[in-house]
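**Student:** Have a look at this one.
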Amino acid sequence: MTLSPAESFQRSKESRRFPLTSSFQSRYAFDFDPFQVEGCHALENGDGALVAAPTGSGKTIVGEFAIFKATSEGKKCFYTTPIKALSNQKFNDLIATYGPEMVGLLTGDTSINPEAQIVVMTTEVLRNMIYARSSTLDDLACVVMDEVHYLADKFRGAVWEEILIHLPPEITVVSLSATVSNVEEFGEWLESVRGRTSIIVSEERPVPLYQHVLVGHRLLDLFETSGRINQELLRAERRQMSRTQKGRARESIHGPEKSELIRKLHHEGYLPAIFFIFSRAGCDASVNRLLRDGVDLTSQGEKDEIARIVSIRTDHLPTEDLHALDFQQWRLGLERGIAAHHAGMLPLFKEITETLFQSGLLRIVFATETLALGINMPAKTVVLEKLIKWNGESHVMITPGEYTQLTGRAGRRGIDVEGNSIIMWSPSLDAAMAASLAGNRTYPLKSSFTPTYNMSANLLNRMTVERAKESLALSFAQFQADKSLWNMEQQVERNKKALSAKPEPCHLGDFEEYFGIRKRIREVEREEVRERGQRRHRALEERAERVRQLRVEMRQHDCHGCADRETHSRIWEKFDRLRIDTESLVKKIEMRRSVIPRTFQRVTDVLRELDYVRDETLTPVGKRLTRIFAERDLLVSEVIRRGVFSQLSATDVTALLSGLLFESRSEERQLPRIPKSLSEAVREVASIWGEISDLEQEHGLDTQHEPDFSMAWTIGRWSSGGSLSKVLRESDVTAGDFVRHVKQIIDLLGQLIEADPEEADKYRAALGGIDRGVIRLANVS
């Protein structure tokens with residue numbers, strides 16, 4: 001690109017002012033976008049940065065500059081991601097740039113070159129390092145927090161805030177986020193806890209997105225050029241609805257229709273595409289249907305290349321395991337350019353799918369929404385089968401933010417001139433719903449932060465209760481709660497001003513007193529009588545007598561004879577309602593103010609009752625709790641404390657740990673199959689959980705989830721030497737869920753070896769029983 005003299009002068013000037021940015025940019029064959037330059041300049045100036053930009057816009061460039069800057073200065077840089085798949089992907093990307101000697105990986109169950117100058121890790125690993133005061137933090141200059149909007153996640157979001165609050169102040173933080181509508185609020189909070197932070201926002205997609213709805217066999221634009229809903233679409237929608245009601249059209253796309261749609265997209269140049277289906281079984285069924293219908297989207301040369309890559313990546317897996325994983329069907333799909341991608345798959349199979357899609361060898365991937373979480377798999381087109389998904393508790397409409405994340409995959413930068421999203425029409429999904437999601441740009445970042453037992457124990461291990469409360473008051477959750485108080489406090493002031501001027505007095509007497517009697521009559525009449533039989537009869541008589549006496553008192557009052565009595569009553573009714581509303585607002589303000597420190601106090605009170613804390617100091621069992629990072633942390637700690645593990649074999653330890661970690665995804669929870677040798681321990685765990693739950697309710701806390709032993713039998717079979725094919729055949733668990741759950745158990749066993757040294761040999765034996773075969777090879781590629 002030829003620059004004008006003015007542009008050349010400006011670039012030369014910027015090069016002298018920002019030499020590191022200039023040097024870094026020279027490594028790329030394309031010019032940076034303005035927001036990328038702005039982010040790099042902020043970091044070179046010594047500021048932190050919050051970069052909010054759409055999916056695929058290239059915000060990771062700013063994170064990579066942070067790495068470049070740190071390494072240029074001989075310092076360390078950590079790159080954190082919310083999930084292991086992203087960590088693995090970033091690890092491989094950085095190795096390609098810096099070489100294997102300079103890059104490490106830490107994901108809980110994987111440790112590669114942990115003392116490297118650049119270390120990629122999951123956020124939990126960094127949080128644990130901070131609490132443990134790990135020496136790995138020495139010489140750390142910068143932390144890049146990718147997908148930082150994940151702090152809104154109700155299960156794991158607190159980890160992001162823990163890091164941002166407790167990371168040493170001299171360490172620069174680069175936060176990379178999807179576009180959120182309250183980015184200024186988030187940036188303001190970041191600056192309050194991390195110091196100077198530049199807020200860089202870009203709302204421009206690198207590739208324009210065109211949105212469509214498939215009604216029957218017609219692909220129609222969602223919007224007209226004016227921005228309103230396409231009128232032709234609305235007419236087609238009405239016709240299709242009429243046909244559906246008369247039974248001449250299906251409610252949703254099925255079988256051959258899906259194959260026909262993929263062929264149509266292929267013929268009209270809409271592939272490669274990601275077809276989002278919010279069901280793992282639905283993804284697998286779609287692939288199998290296309291294969292049965294003979295859909296084939298690749299040339300012979302592409303088939304040969306796919307076969308070569310698959311062979312290289314899977315040749316280390318035992319033949320028996322490949323058979324259990326339905327390898328032949330999976331490979332056949334890949335060779336035809338068709339694949340599924342979801343959490344139920346073996347991690348290696350997902351990685352191969354990602355590699356083939358990125359290299360252009362796959363044409364259609366049926367995926368669950370987990371694919372939208374930052375994995376580098378852009379497509380030309382994104383198809384959404386539905387706009388409703390199961391969130392673990394109920395079927396809910398996807399949010400505008402989730403819709404933006406999903407459709408953000410459409411349009412490959414530098415390849416496509418446009419991206420396309422296609423929504424499948426159904427009677428339960430009309431154009432207005434689709435348009436409200438597509439046109440909504442309000443998706444705020446809301447904190448899900450709340451103190452846990454492990455978090456509280458770690459804070460008390462480092463500071464006093466009061467200092468811990470001050471620390472927690474810095475959370476984004478408390479920041480948002482405090483900001484929301486301003487409007488409420490202003491309303492209270494307005495209400496108090498109105499209440500200071502009481503209604504005009506009655507010339508006959510004290511009307512406020514008279515109104516009070518009338519109000520009391522209403523309250524007594526509405527009192528609920530809970531007694532039964534003869535007691536209920538007496539209670540009703542007593543209530544009637546009280547009402548009678550109050551009515552006598554009312555009629556004897558001076559104001560009862562006032563001609564304007566009912567007008568005065570309406571005025572006082574309005575005044576009293578304002579007084580009640582004001583009192584309610586004041587209570588709400590009191591509840592929200594210091595809500596996070598107050599929750600911490602309740603958590604600490606539970607720990608105190610269980611003797612984890614004594615005189616603001618952790619006892620030995622409290623110290624042990626600091627090393628246990630499972631979601632049911634206190635339950636795990638109490639199981640150790642009560643000696644439950646000491647009674648079990650190594651095999652049964654892993655099966656019991658399964659129940660302490662597992663969370664069923666099913667909408668209907670099945671009665672678990674439990675090994676006989678574990679039955680007494682399971683009863684004991686249930687009893688311990690009940691005791692903890694009672695304590696939590698007594699102190700006004702949400703209870704930890706009940707243990708779920710749905711996977712205990714399966715884990716016990718694997719731990720005792722069962723083959724993968726037998727284990728999967730005897731259960732309804734998918735390979736991906738099985739591997740992920742075993743990895744969680746391995747991670748917790750590693751924690752228990754440190755936390756409970758008396759049983760360390762048993763935990764090591766348990767590790768040896770489950771960390772084998774496909775589990776040990778899960779990260780090999």
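Naming works like this for the structure tokens: A, B, ... for the chains as they're shown, residue 1 at the start of each chain, ligands 1 onward in shown order.
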Using only C-alpha atoms, which residues of stretch 603-669 of chain A come within 9 Å of stretch 758-767 of chain A, and what is the closest atom pair for each, with the distance in Å to one decimal? Give it as JSON lines, sorted by chain and residue number.
**Tutor:**
{"residue": "A:Phe645", "atom": "CA", "partner": "A:Glu759", "partner_atom": "CA", "distance": 7.9}
{"residue": "A:Ser646", "atom": "CA", "partner": "A:Glu759", "partner_atom": "CA", "distance": 7.0}
{"residue": "A:Ser649", "atom": "CA", "partner": "A:Lys762", "partner_atom": "CA", "distance": 7.6}
{"residue": "A:Ala650", "atom": "CA", "partner": "A:Ala766", "partner_atom": "CA", "distance": 4.6}
{"residue": "A:Thr651", "atom": "CA", "partner": "A:Ala766", "partner_atom": "CA", "distance": 6.0}
{"residue": "A:Asp652", "atom": "CA", "partner": "A:Ala766", "partner_atom": "CA", "distance": 8.5}
{"residue": "A:Val653", "atom": "CA", "partner": "A:Ala766", "partner_atom": "CA", "distance": 6.9}
{"residue": "A:Thr654", "atom": "CA", "partner": "A:Ala766", "partner_atom": "CA", "distance": 6.2}
**Student:** Those residues with N, CA, C and O atoms, as a PDB file, in the first residue's frame please?
**Tutor:**
ATOM      1  N   PHE A 645     -12.520 -41.118  53.710  1.00  0.00           N
ATOM      2  CA  PHE A 645     -11.581 -41.683  52.742  1.00  0.00           C
ATOM      3  C   PHE A 645     -10.699 -42.766  53.359  1.00  0.00           C
ATOM      4  O   PHE A 645     -10.283 -43.700  52.681  1.00  0.00           O
ATOM      5  N   SER A 646     -10.397 -42.624  54.641  1.00  0.00           N
ATOM      6  CA  SER A 646      -9.502 -43.596  55.298  1.00  0.00           C
ATOM      7  C   SER A 646     -10.112 -44.995  55.345  1.00  0.00           C
ATOM      8  O   SER A 646      -9.392 -45.986  55.471  1.00  0.00           O
ATOM      9  N   SER A 649     -10.975 -48.156  49.786  1.00  0.00           N
ATOM     10  CA  SER A 649      -9.877 -48.534  48.896  1.00  0.00           C
ATOM     11  C   SER A 649      -9.607 -47.388  47.931  1.00  0.00           C
ATOM     12  O   SER A 649     -10.427 -46.467  47.793  1.00  0.00           O
ATOM     13  N   ALA A 650      -8.464 -47.450  47.245  1.00  0.00           N
ATOM     14  CA  ALA A 650      -8.127 -46.401  46.273  1.00  0.00           C
ATOM     15  C   ALA A 650      -9.187 -46.317  45.177  1.00  0.00           C
ATOM     16  O   ALA A 650      -9.566 -45.229  44.733  1.00  0.00           O
ATOM     17  N   THR A 651      -9.699 -47.488  44.738  1.00  0.00           N
ATOM     18  CA  THR A 651     -10.739 -47.502  43.704  1.00  0.00           C
ATOM     19  C   THR A 651     -11.999 -46.795  44.178  1.00  0.00           C
ATOM     20  O   THR A 651     -12.600 -45.986  43.459  1.00  0.00           O
ATOM     21  N   ASP A 652     -12.412 -47.075  45.422  1.00  0.00           N
ATOM     22  CA  ASP A 652     -13.626 -46.451  45.951  1.00  0.00           C
ATOM     23  C   ASP A 652     -13.432 -44.968  46.235  1.00  0.00           C
ATOM     24  O   ASP A 652     -14.394 -44.193  46.201  1.00  0.00           O
ATOM     25  N   VAL A 653     -12.197 -44.552  46.518  1.00  0.00           N
ATOM     26  CA  VAL A 653     -11.928 -43.117  46.708  1.00  0.00           C
ATOM     27  C   VAL A 653     -12.282 -42.351  45.433  1.00  0.00           C
ATOM     28  O   VAL A 653     -12.942 -41.315  45.472  1.00  0.00           O
ATOM     29  N   THR A 654     -11.854 -42.876  44.275  1.00  0.00           N
ATOM     30  CA  THR A 654     -12.146 -42.173  43.016  1.00  0.00           C
ATOM     31  C   THR A 654     -13.648 -42.154  42.742  1.00  0.00           C
ATOM     32  O   THR A 654     -14.187 -41.151  42.267  1.00  0.00           O
TER      33      THR A 654
END
**Student:** Would you mind listing, for every residue of stretch 181-222 of chain A within 10 Å of stretch 257-281 of chain A, the two atoms forming the shortest contact and the distance between them in Å to one decimal, using only C-alpha atoms, sorted by chain and ascending residue number, as CSV?
**Tutor:**
residue,atom,partner,partner_atom,distance
A:Leu214,CA,A:Leu261,CA,9.6
A:Gly216,CA,A:Glu257,CA,9.8
A:His217,CA,A:Leu261,CA,8.2
**Student:** I need the residues of stretch 250-340 of chain A that end up classed as alpha helix (DSSP H) by DSSP on the backbone, written out as an NGL selection string.
**Tutor:** :A and (255-267 or 280-292 or 300-314 or 319-324 or 327-335)
**Student:** Give one line per residue of stretch 135-224 of chain A that approaches stretch 107-119 of chain A to at most 10 Å, naming the two atoms of the closest pair and their distance in Å to one decimal, counting only C-alpha atoms; sort by chain then ascending residue number and deliver it as CSV.
**Tutor:**
residue,atom,partner,partner_atom,distance
A:Ser135,CA,A:Glu115,CA,9.4
A:Thr136,CA,A:Glu115,CA,6.4
A:Leu137,CA,A:Glu115,CA,9.4
A:Asp138,CA,A:Glu115,CA,9.9
A:Asp139,CA,A:Gln117,CA,9.1
A:Leu140,CA,A:Gln117,CA,8.6
A:Cys142,CA,A:Ile118,CA,9.9
A:Val143,CA,A:Val119,CA,9.7
**Student:** Find the residues near A:Leu233: any atom within 10 Å, counting only C-alpha atoms, skip ones fewer than 3 places away on the same chain, and give them as a ChimeraX atom specification.
**Tutor:** /A:212-215,218-224,229-230,236-239,430-431
**Student:** Nearest residue to A:Arg565 out of A:Leu356, A:Ala477, A:Leu508, A:Ala379, using only C-alpha atoms?
**Tutor:**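 Among the listed residues, the smallest separation from A:Arg565 belongs to A:Leu508.
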**Student:** In stretch 199-359 of chain A, what's strand (DSSP E or B) per DSSP? Answer as an MDAnalysis selection string?
**Tutor:** chainID A and resid 199:201 209:215 218:221 223 229 273:276 338:341
**Student:** Have a look at atom CA of A:Ser594 and atom CA of A:Gln478 and let me know their distance in Å, one decimal.
**Tutor:** 6.8 Å
**Student:** Set the distance at 6 Å and use only C-alpha atoms: which residues neighbour A:Arg627 once local chain neighbours fewer than 2 positions away are removed? I'd like the list as a list of chain:residue names.
**Tutor:**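 Counting only C-alpha atoms, the residues come to A:Arg624, A:Leu625, A:Ala755.
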**Student:** One decimal, in Å: what's the spacing between atom CA of A:Ala544 and atom CA of A:Arg579?
**Tutor:** 28.4 Å
**Student:** Hey, which of A:Val739, A:Ala539, A:Ala481, A:Leu724 ends up closest to A:Glu320? Count only C-alpha atoms.
**Tutor:**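 Among the listed residues, A:Leu724 lies closest to A:Glu320.
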**Student:** Give me, as a VMD selection string, all polymer residues having an atom no more than 12 Å from A:Arg548, counting only C-alpha atoms and skipping those fewer than 2 positions away in the same chain.
**Tutor:** chain A and resid 517 to 518 520 to 522 524 to 525 541 to 546 550 to 555
